[in-house]
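A short write-up of the structure that comes next.
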Amino acid sequence: MEIIILPTPEEASAVAARLVARQICEKPSSVLGLATGGTPCGLYRELARMHSEEALDFARVTTFNLDEYIGLDPAHQASFHYFMAENFFRHINVPPTLIHIPNGMTADVPAHCEAYEQAIKAAGGIDLQILGLGSDGHLGFNEPGSSLASRTRIKTLTERTRRDNTRFFAERDTVPHHVITMGLGTIMESRMCLLLAFGRGKAEAVAASVEGPVTASVPGSLLQFHPRTKVIIDVEAANALTRADYYRWVYQNKPAWQTNL
Ligand code: PGA
């Protein structure tokens with residue numbers, strides 16, 4: 001795990017965007033795993049800027065989103081279909097046929113989840129997975145207690161997550177209870193993970209994920225077993241880390257040959 005602490009979410013998003021852009025430049029047919037929520041918005045804005053100003057080309061990129069609410073139509077303003085279209089896809093040139101988001105309106109959830117897993121495999125697996133972190137330590141919508149080997153499936157949200165996400169819904173108390181999410185086992189098969197977390201409200205979840213024991217009670221902690229994960233956070237989200245000074249020193253004193261940031 002590499003822990004990169006930057007002064008602001010904007011600077012952290014810019015570093016994350018450079019990593020995503022490099023992945024696409026090195027492999028134009030990259031398969032990206034994408035996240036929703038407040039955290040990746042700055043990253044998507046910066047990638048859209050790179051697309052319009054620096055010709056970053058998404059023409060051969062395939063995307064798989066982590067999750068979606070069950071029962072929300074793609075046109076619903078709180079659906080992740082809507083979120084992705086508004087915040088990212090309409091600003092770049094990724095072909096609509098290469099975009100994958102779980103279908104929260106499916107009549108057969110288990111069959112849809114199995115097909116989603118197969119589609120990821122058929123695309124060659126995820127090269128780079130963007131991740132946010134729930135204030136309860138969840139990854140995707142894998143709530144505390146999720147099997148560390150889980151695959152794409154239905155999950156039931158905790159009240160805390162429903163409360164955290166109320167801000168995306170026009171009417172309170174309409175946050176669905178059920179979702180489809182890639183599993184922790186699915187996420188762990190990504191070749192590289194970028195975990196982003198900003199703000200004081202994420203500090204405990206970041207510390208538990210990075211420095212705590214690996215436990216299903218903190219799904220983010222499973223990333224300690226991932227061979228190529230970068231955790232990109234702002235100072236506020238780094239607030240509860242005990243080794244923050246060490247992580248800063250490591251990042252600022254990388255040998256010149258170590259070009260992976
Ligand atoms: P947020 O959500 O980016 O809106 O804070 C993160 C998450 O729940 O994974």
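In the structure tokens, chains take letters A, B, ... by order of appearance, with residues numbered from 1 within each chain and ligands from 1 in the order shown.
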
Show me a table, sorted first by chain and then by increasing residue number, of the residues of chain A having an atom at most 10 Å from ligand 1, each with its shortest atom pair and the distance in Å to one decimal, counting only C-alpha atoms and all ligand atoms and written as a Markdown table.
```
| residue | atom | partner | partner_atom_place_in_ligand_line | distance |
| --- | --- | --- | --- | --- |
| A:Ala35 | CA | ligand 1 | 9 (O) | 7.4 |
| A:Thr36 | CA | ligand 1 | 3 (O) | 6.6 |
| A:Gly37 | CA | ligand 1 | 4 (O) | 3.5 |
| A:Gly38 | CA | ligand 1 | 4 (O) | 3.8 |
| A:Thr39 | CA | ligand 1 | 3 (O) | 3.6 |
| A:Pro40 | CA | ligand 1 | 3 (O) | 6.4 |
| A:Cys41 | CA | ligand 1 | 3 (O) | 8.3 |
| A:Leu66 | CA | ligand 1 | 9 (O) | 9.6 |
| A:Asp67 | CA | ligand 1 | 9 (O) | 9.9 |
| A:Leu131 | CA | ligand 1 | 9 (O) | 6.8 |
| A:Gly132 | CA | ligand 1 | 9 (O) | 4.1 |
| A:Leu133 | CA | ligand 1 | 9 (O) | 4.1 |
| A:Gly134 | CA | ligand 1 | 8 (O) | 3.9 |
| A:Ser135 | CA | ligand 1 | 8 (O) | 7.0 |
| A:Asp136 | CA | ligand 1 | 8 (O) | 8.5 |
| A:Gly137 | CA | ligand 1 | 9 (O) | 8.1 |
| A:His138 | CA | ligand 1 | 9 (O) | 6.2 |
| A:Leu139 | CA | ligand 1 | 9 (O) | 5.6 |
| A:Gly140 | CA | ligand 1 | 9 (O) | 5.5 |
| A:Phe141 | CA | ligand 1 | 9 (O) | 6.8 |
| A:Asn142 | CA | ligand 1 | 9 (O) | 9.0 |
| A:Glu143 | CA | ligand 1 | 8 (O) | 9.5 |
| A:Thr161 | CA | ligand 1 | 8 (O) | 7.0 |
| A:Arg162 | CA | ligand 1 | 8 (O) | 9.6 |
| A:Asp164 | CA | ligand 1 | 4 (O) | 7.4 |
| A:Asn165 | CA | ligand 1 | 4 (O) | 6.8 |
| A:Arg167 | CA | ligand 1 | 4 (O) | 9.0 |
| A:Phe168 | CA | ligand 1 | 4 (O) | 8.8 |
| A:Leu195 | CA | ligand 1 | 9 (O) | 9.5 |
| A:Leu196 | CA | ligand 1 | 3 (O) | 8.2 |
| A:Ala197 | CA | ligand 1 | 3 (O) | 7.2 |
| A:Phe198 | CA | ligand 1 | 5 (O) | 7.7 |
| A:Gly199 | CA | ligand 1 | 5 (O) | 8.8 |
| A:Gly201 | CA | ligand 1 | 5 (O) | 8.6 |
| A:Lys202 | CA | ligand 1 | 5 (O) | 7.8 |
| A:Gly220 | CA | ligand 1 | 9 (O) | 9.8 |
```

Only C-alpha atoms, please: the residues just picked out, written as an mmCIF file, in the first residue's frame.
```cif
data_model
loop_
_atom_site.group_PDB
_atom_site.id
_atom_site.type_symbol
_atom_site.label_atom_id
_atom_site.label_comp_id
_atom_site.auth_asym_id
_atom_site.auth_seq_id
_atom_site.Cartn_x
_atom_site.Cartn_y
_atom_site.Cartn_z
ATOM 1 C CA ALA A 35 -17.009 4.688 -8.266
ATOM 2 C CA THR A 36 -19.743 7.203 -7.474
ATOM 3 C CA GLY A 37 -20.357 9.516 -4.524
ATOM 4 C CA GLY A 38 -18.931 12.899 -3.645
ATOM 5 C CA THR A 39 -15.319 11.713 -3.510
ATOM 6 C CA PRO A 40 -14.496 10.979 -7.188
ATOM 7 C CA CYS A 41 -16.188 14.113 -8.589
ATOM 8 C CA LEU A 66 -19.021 -0.707 -8.678
ATOM 9 C CA ASP A 67 -22.667 -0.517 -7.751
ATOM 10 C CA LEU A 131 -12.613 3.368 -4.943
ATOM 11 C CA GLY A 132 -14.190 5.673 -2.390
ATOM 12 C CA LEU A 133 -14.450 4.702 1.261
ATOM 13 C CA GLY A 134 -17.614 4.753 3.355
ATOM 14 C CA SER A 135 -17.444 6.433 6.740
ATOM 15 C CA ASP A 136 -18.107 2.900 8.055
ATOM 16 C CA GLY A 137 -15.200 1.505 6.017
ATOM 17 C CA HIS A 138 -17.275 0.092 3.165
ATOM 18 C CA LEU A 139 -15.840 -0.406 -0.340
ATOM 19 C CA GLY A 140 -18.350 -0.227 -3.147
ATOM 20 C CA PHE A 141 -21.473 -1.060 -1.176
ATOM 21 C CA ASN A 142 -19.768 -3.903 0.671
ATOM 22 C CA GLU A 143 -20.885 -3.022 4.161
ATOM 23 C CA THR A 161 -24.818 4.507 4.759
ATOM 24 C CA ARG A 162 -28.437 5.356 3.955
ATOM 25 C CA ASP A 164 -24.738 9.403 4.514
ATOM 26 C CA ASN A 165 -26.362 9.156 1.067
ATOM 27 C CA ARG A 167 -27.948 14.158 0.480
ATOM 28 C CA PHE A 168 -28.178 12.751 -3.040
ATOM 29 C CA LEU A 195 -8.638 4.485 -2.959
ATOM 30 C CA LEU A 196 -9.648 8.122 -2.495
ATOM 31 C CA ALA A 197 -10.934 9.616 0.764
ATOM 32 C CA PHE A 198 -11.335 13.242 1.754
ATOM 33 C CA GLY A 199 -12.432 15.077 4.868
ATOM 34 C CA GLY A 201 -15.410 12.331 8.458
ATOM 35 C CA LYS A 202 -13.322 9.651 6.717
ATOM 36 C CA GLY A 220 -11.358 -1.213 3.312
#
```

Report task. Excluding Leu32 of chain A and residues on its chain fewer than 3 positions from it, collect all residues at most 7 Å away from it, counting only C-alpha atoms, and give them as a ChimeraX atom specification. Result -> /A:62-64,126-129

Report task. Would you mind writing down, as a PyMOL selection string, each residue of segment 208-239 of chain A that DSSP on the backbone assigns to alpha helix (DSSP H)? Result -> chain A and resi 208-211

Go ahead and write the residues just picked, C-alpha atoms, as a short mmCIF file (atom, residue, chain, number, x, y, z; two decimals), in the first residue's frame.
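Ended up saving to out_36.cif:
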```
data_model
loop_
_atom_site.label_atom_id
_atom_site.label_comp_id
_atom_site.auth_asym_id
_atom_site.auth_seq_id
_atom_site.Cartn_x
_atom_site.Cartn_y
_atom_site.Cartn_z
CA ALA A 208 -8.76 1.45 10.30
CA SER A 209 -8.32 0.46 6.64
CA VAL A 210 -4.62 1.33 6.42
CA GLU A 211 -3.28 0.64 9.90
#
```

Query raised in the report: Taking only C-alpha atoms into account, which of A:Gly145, A:Ile101, A:Ala240, A:Phe58 comes nearest Ala216 of chain A?
Result: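 Closest to Ala216 of chain A, using only C-alpha atoms: A:Gly145.
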
Listing only residues of segment 43-112 of chain A within 12 Å of segment 11-21 of chain A, what is the closest atom pair and its distance in Å (to one decimal) for each, using only C-alpha atoms, sorted by chain and residue number ascending, as JSON lines?
```
{"residue": "A:Leu43", "atom": "CA", "partner": "A:Ser13", "partner_atom": "CA", "distance": 4.7}
{"residue": "A:Tyr44", "atom": "CA", "partner": "A:Ala17", "partner_atom": "CA", "distance": 7.7}
{"residue": "A:Arg45", "atom": "CA", "partner": "A:Ser13", "partner_atom": "CA", "distance": 8.9}
{"residue": "A:Glu46", "atom": "CA", "partner": "A:Ala17", "partner_atom": "CA", "distance": 6.3}
{"residue": "A:Leu47", "atom": "CA", "partner": "A:Ala17", "partner_atom": "CA", "distance": 5.8}
{"residue": "A:Ala48", "atom": "CA", "partner": "A:Ala17", "partner_atom": "CA", "distance": 9.6}
{"residue": "A:Arg49", "atom": "CA", "partner": "A:Ala17", "partner_atom": "CA", "distance": 10.0}
{"residue": "A:Met50", "atom": "CA", "partner": "A:Ala21", "partner_atom": "CA", "distance": 8.2}
{"residue": "A:His51", "atom": "CA", "partner": "A:Ala21", "partner_atom": "CA", "distance": 9.4}
{"residue": "A:Glu54", "atom": "CA", "partner": "A:Ala21", "partner_atom": "CA", "distance": 10.3}
{"residue": "A:Ala55", "atom": "CA", "partner": "A:Ala21", "partner_atom": "CA", "distance": 10.5}
{"residue": "A:Leu56", "atom": "CA", "partner": "A:Ala21", "partner_atom": "CA", "distance": 7.0}
{"residue": "A:Asp57", "atom": "CA", "partner": "A:Ala21", "partner_atom": "CA", "distance": 9.0}
{"residue": "A:Phe58", "atom": "CA", "partner": "A:Ala21", "partner_atom": "CA", "distance": 9.6}
{"residue": "A:Val61", "atom": "CA", "partner": "A:Ala21", "partner_atom": "CA", "distance": 11.2}
```

Query raised in the report: Which neighbours of Tyr246 of chain A fall inside 12 Å, counting only C-alpha atoms, when residues of the same chain fewer than 5 positions from it are skipped, and could you give them as a list in words?
Result: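 Listed by chain and then number, they are Glu2, Ile3, Ile4, Ile5, Leu241, Tyr251, Gln252 and Asn253 of chain A.
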
Those residues you just picked out, can you put them in a file as a PDB file, in the first residue's frame with N, CA, C and O atoms?
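Listing of result.pdb after writing:
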```
ATOM      1  N   GLU A   2       0.549   2.149  -0.884  1.00  0.00           N
ATOM      2  CA  GLU A   2       1.254   3.430  -0.851  1.00  0.00           C
ATOM      3  C   GLU A   2       0.265   4.490  -0.375  1.00  0.00           C
ATOM      4  O   GLU A   2      -0.835   4.604  -0.918  1.00  0.00           O
ATOM      5  N   ILE A   3       0.641   5.243   0.628  1.00  0.00           N
ATOM      6  CA  ILE A   3      -0.260   6.250   1.194  1.00  0.00           C
ATOM      7  C   ILE A   3       0.225   7.620   0.741  1.00  0.00           C
ATOM      8  O   ILE A   3       1.351   8.026   1.063  1.00  0.00           O
ATOM      9  N   ILE A   4      -0.583   8.325  -0.010  1.00  0.00           N
ATOM     10  CA  ILE A   4      -0.206   9.639  -0.543  1.00  0.00           C
ATOM     11  C   ILE A   4      -1.115  10.679   0.113  1.00  0.00           C
ATOM     12  O   ILE A   4      -2.329  10.678  -0.093  1.00  0.00           O
ATOM     13  N   ILE A   5      -0.505  11.548   0.912  1.00  0.00           N
ATOM     14  CA  ILE A   5      -1.276  12.564   1.642  1.00  0.00           C
ATOM     15  C   ILE A   5      -1.019  13.913   0.982  1.00  0.00           C
ATOM     16  O   ILE A   5       0.134  14.348   0.871  1.00  0.00           O
ATOM     17  N   LEU A 241      -4.191   8.824  11.240  1.00  0.00           N
ATOM     18  CA  LEU A 241      -3.095   7.886  10.926  1.00  0.00           C
ATOM     19  C   LEU A 241      -1.943   8.090  11.904  1.00  0.00           C
ATOM     20  O   LEU A 241      -1.557   9.223  12.198  1.00  0.00           O
ATOM     21  N   TYR A 251       6.786   9.499   0.231  1.00  0.00           N
ATOM     22  CA  TYR A 251       6.264  10.065  -1.023  1.00  0.00           C
ATOM     23  C   TYR A 251       7.172  11.177  -1.544  1.00  0.00           C
ATOM     24  O   TYR A 251       7.374  11.314  -2.748  1.00  0.00           O
ATOM     25  N   GLN A 252       7.734  11.955  -0.602  1.00  0.00           N
ATOM     26  CA  GLN A 252       8.557  13.098  -1.028  1.00  0.00           C
ATOM     27  C   GLN A 252       9.995  12.708  -1.355  1.00  0.00           C
ATOM     28  O   GLN A 252      10.747  13.512  -1.902  1.00  0.00           O
ATOM     29  N   ASN A 253      10.383  11.497  -1.021  1.00  0.00           N
ATOM     30  CA  ASN A 253      11.781  11.111  -1.207  1.00  0.00           C
ATOM     31  C   ASN A 253      11.924   9.842  -2.036  1.00  0.00           C
ATOM     32  O   ASN A 253      12.816   9.027  -1.790  1.00  0.00           O
TER      33      ASN A 253
END
```

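We find atom CA of Ala123 of chain A and atom CA of Thr181 of chain A to be spaced 18.1 Å apart.
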
If we count only C-alpha atoms and set the cut-off at 6 Å, which residues sit around Thr229 of chain A, ignoring sequence neighbours fewer than 4 positions away in its own chain? Please answer as a short mmCIF file (atom, residue, chain, number, x, y, z; two decimals) with all heavy atoms, in the first residue's frame.
```
data_model
loop_
_atom_site.label_atom_id
_atom_site.label_comp_id
_atom_site.auth_asym_id
_atom_site.auth_seq_id
_atom_site.Cartn_x
_atom_site.Cartn_y
_atom_site.Cartn_z
N MET A 1 0.85 -1.21 0.00
CA MET A 1 0.00 0.00 0.00
C MET A 1 0.87 1.24 0.00
O MET A 1 1.80 1.33 0.80
CB MET A 1 -0.80 0.04 1.30
CG MET A 1 -2.24 -0.30 1.14
SD MET A 1 -3.04 -0.13 2.76
CE MET A 1 -4.69 -0.39 2.29
N MET A 192 -4.89 -2.91 -10.24
CA MET A 192 -4.45 -1.79 -9.41
C MET A 192 -5.67 -1.12 -8.80
O MET A 192 -6.73 -1.06 -9.45
CB MET A 192 -3.68 -0.78 -10.28
CG MET A 192 -3.15 0.41 -9.52
SD MET A 192 -2.12 1.41 -10.61
CE MET A 192 -1.80 2.79 -9.52
N CYS A 193 -5.55 -0.67 -7.57
CA CYS A 193 -6.66 0.05 -6.91
C CYS A 193 -6.19 1.44 -6.51
O CYS A 193 -5.07 1.61 -6.01
CB CYS A 193 -7.11 -0.69 -5.65
SG CYS A 193 -7.94 -2.25 -5.97
N LEU A 194 -7.05 2.40 -6.71
CA LEU A 194 -6.83 3.77 -6.22
C LEU A 194 -7.95 4.09 -5.24
O LEU A 194 -9.10 4.22 -5.65
CB LEU A 194 -6.92 4.80 -7.35
CG LEU A 194 -5.80 4.94 -8.35
CD1 LEU A 194 -6.06 6.20 -9.19
CD2 LEU A 194 -4.47 5.03 -7.66
#
```

Requested in this report: Mind checking which residues fall within 12 Å of Tyr82 of chain A, counting only C-alpha atoms, ignoring those fewer than 6 positions away in the same chain, and posting them as a list in words?
Outcome: Thr36, Gly37, Glu68, Tyr69, Leu72, Asp73, Pro74, Ala75, His76, Phe88, Phe89, Arg90, Ile101 and Phe168 of chain A

Could you take the residues named above and write them with N, CA, C and O atoms, as a compact mmCIF listing (two decimals), in the first residue's frame?
```
# COMPACT_ATOMS: atom_id res chain seq x y z
N THR A 36 -18.89 6.01 -7.53
CA THR A 36 -19.74 7.20 -7.47
C THR A 36 -19.60 7.84 -6.10
O THR A 36 -18.76 7.43 -5.31
N GLY A 37 -20.43 8.83 -5.81
CA GLY A 37 -20.36 9.52 -4.52
C GLY A 37 -19.67 10.86 -4.69
O GLY A 37 -19.24 11.22 -5.79
N GLU A 68 -25.01 -0.06 -7.88
CA GLU A 68 -26.23 0.68 -8.24
C GLU A 68 -27.32 0.30 -7.24
O GLU A 68 -27.33 -0.80 -6.69
N TYR A 69 -28.24 1.24 -7.03
CA TYR A 69 -29.40 0.99 -6.17
C TYR A 69 -30.40 0.09 -6.88
O TYR A 69 -30.67 0.28 -8.08
N LEU A 72 -34.10 1.75 -8.64
CA LEU A 72 -34.03 3.10 -9.20
C LEU A 72 -33.85 3.02 -10.71
O LEU A 72 -32.92 2.36 -11.21
N ASP A 73 -34.72 3.69 -11.42
CA ASP A 73 -34.62 3.77 -12.87
C ASP A 73 -33.35 4.57 -13.23
O ASP A 73 -32.97 5.49 -12.50
N PRO A 74 -32.69 4.20 -14.34
CA PRO A 74 -31.49 4.96 -14.74
C PRO A 74 -31.74 6.46 -14.88
O PRO A 74 -30.81 7.26 -14.72
N ALA A 75 -32.98 6.85 -15.13
CA ALA A 75 -33.28 8.29 -15.27
C ALA A 75 -33.47 8.98 -13.92
O ALA A 75 -33.53 10.22 -13.86
N HIS A 76 -33.56 8.21 -12.84
CA HIS A 76 -33.74 8.80 -11.50
C HIS A 76 -32.49 9.61 -11.15
O HIS A 76 -31.37 9.12 -11.32
N PHE A 88 -19.47 12.45 -15.56
CA PHE A 88 -18.30 11.95 -16.29
C PHE A 88 -18.58 11.64 -17.76
O PHE A 88 -18.01 12.27 -18.65
N PHE A 89 -19.48 10.70 -18.01
CA PHE A 89 -19.56 10.15 -19.37
C PHE A 89 -19.93 11.18 -20.44
O PHE A 89 -19.42 11.12 -21.56
N ARG A 90 -20.79 12.15 -20.08
CA ARG A 90 -21.16 13.10 -21.15
C ARG A 90 -20.05 14.10 -21.45
O ARG A 90 -20.13 14.85 -22.42
N ILE A 101 -22.80 -0.58 -15.97
CA ILE A 101 -23.25 -0.22 -14.62
C ILE A 101 -24.29 -1.26 -14.24
O ILE A 101 -25.15 -1.60 -15.08
N PHE A 168 -28.03 12.89 -1.59
CA PHE A 168 -28.18 12.75 -3.04
C PHE A 168 -29.64 12.59 -3.46
O PHE A 168 -29.95 12.54 -4.65
```

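The nearest approach to Pro102 of chain A among the residues A:Ala78, A:Ala237, A:Met84, A:Met182, with only C-alpha atoms taken into account, belongs to A:Met182.
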
**Report entry** Selected residue of minimal separation from Thr152 of chain A among A:Glu204, A:Glu171, A:Glu117, A:Glu53, counting only C-alpha atoms
**Finding:**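 Checking each candidate against Thr152 of chain A, we get A:Glu117 as the closest.
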
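Take the candidates A:Leu157, A:Val94, A:Ala238, A:Ala207 and check each one against Ser221 of chain A using only C-alpha atoms; the shortest distance goes to A:Ala207.
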
Query raised in the report: Which of segment 66-202 of chain A counts as strand (DSSP E) under DSSP, as number ranges by chain please?
Result: A: 67-69, 99-100, 128-131, 153-156, 178-181, 192-197

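For the residues A:Asn87, A:Thr106, A:Ser52, A:Thr186, ranking by smallest atom-to-atom distance to Ser150 of chain A using only C-alpha atoms places A:Thr186 first.
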
Requested in this report: Check the smallest atom-to-atom distance from each of A:Pro95, A:Pro28, A:Gly71, A:Gly33 to Val175 of chain A using only C-alpha atoms, then report the winner.
Outcome: A:Gly71
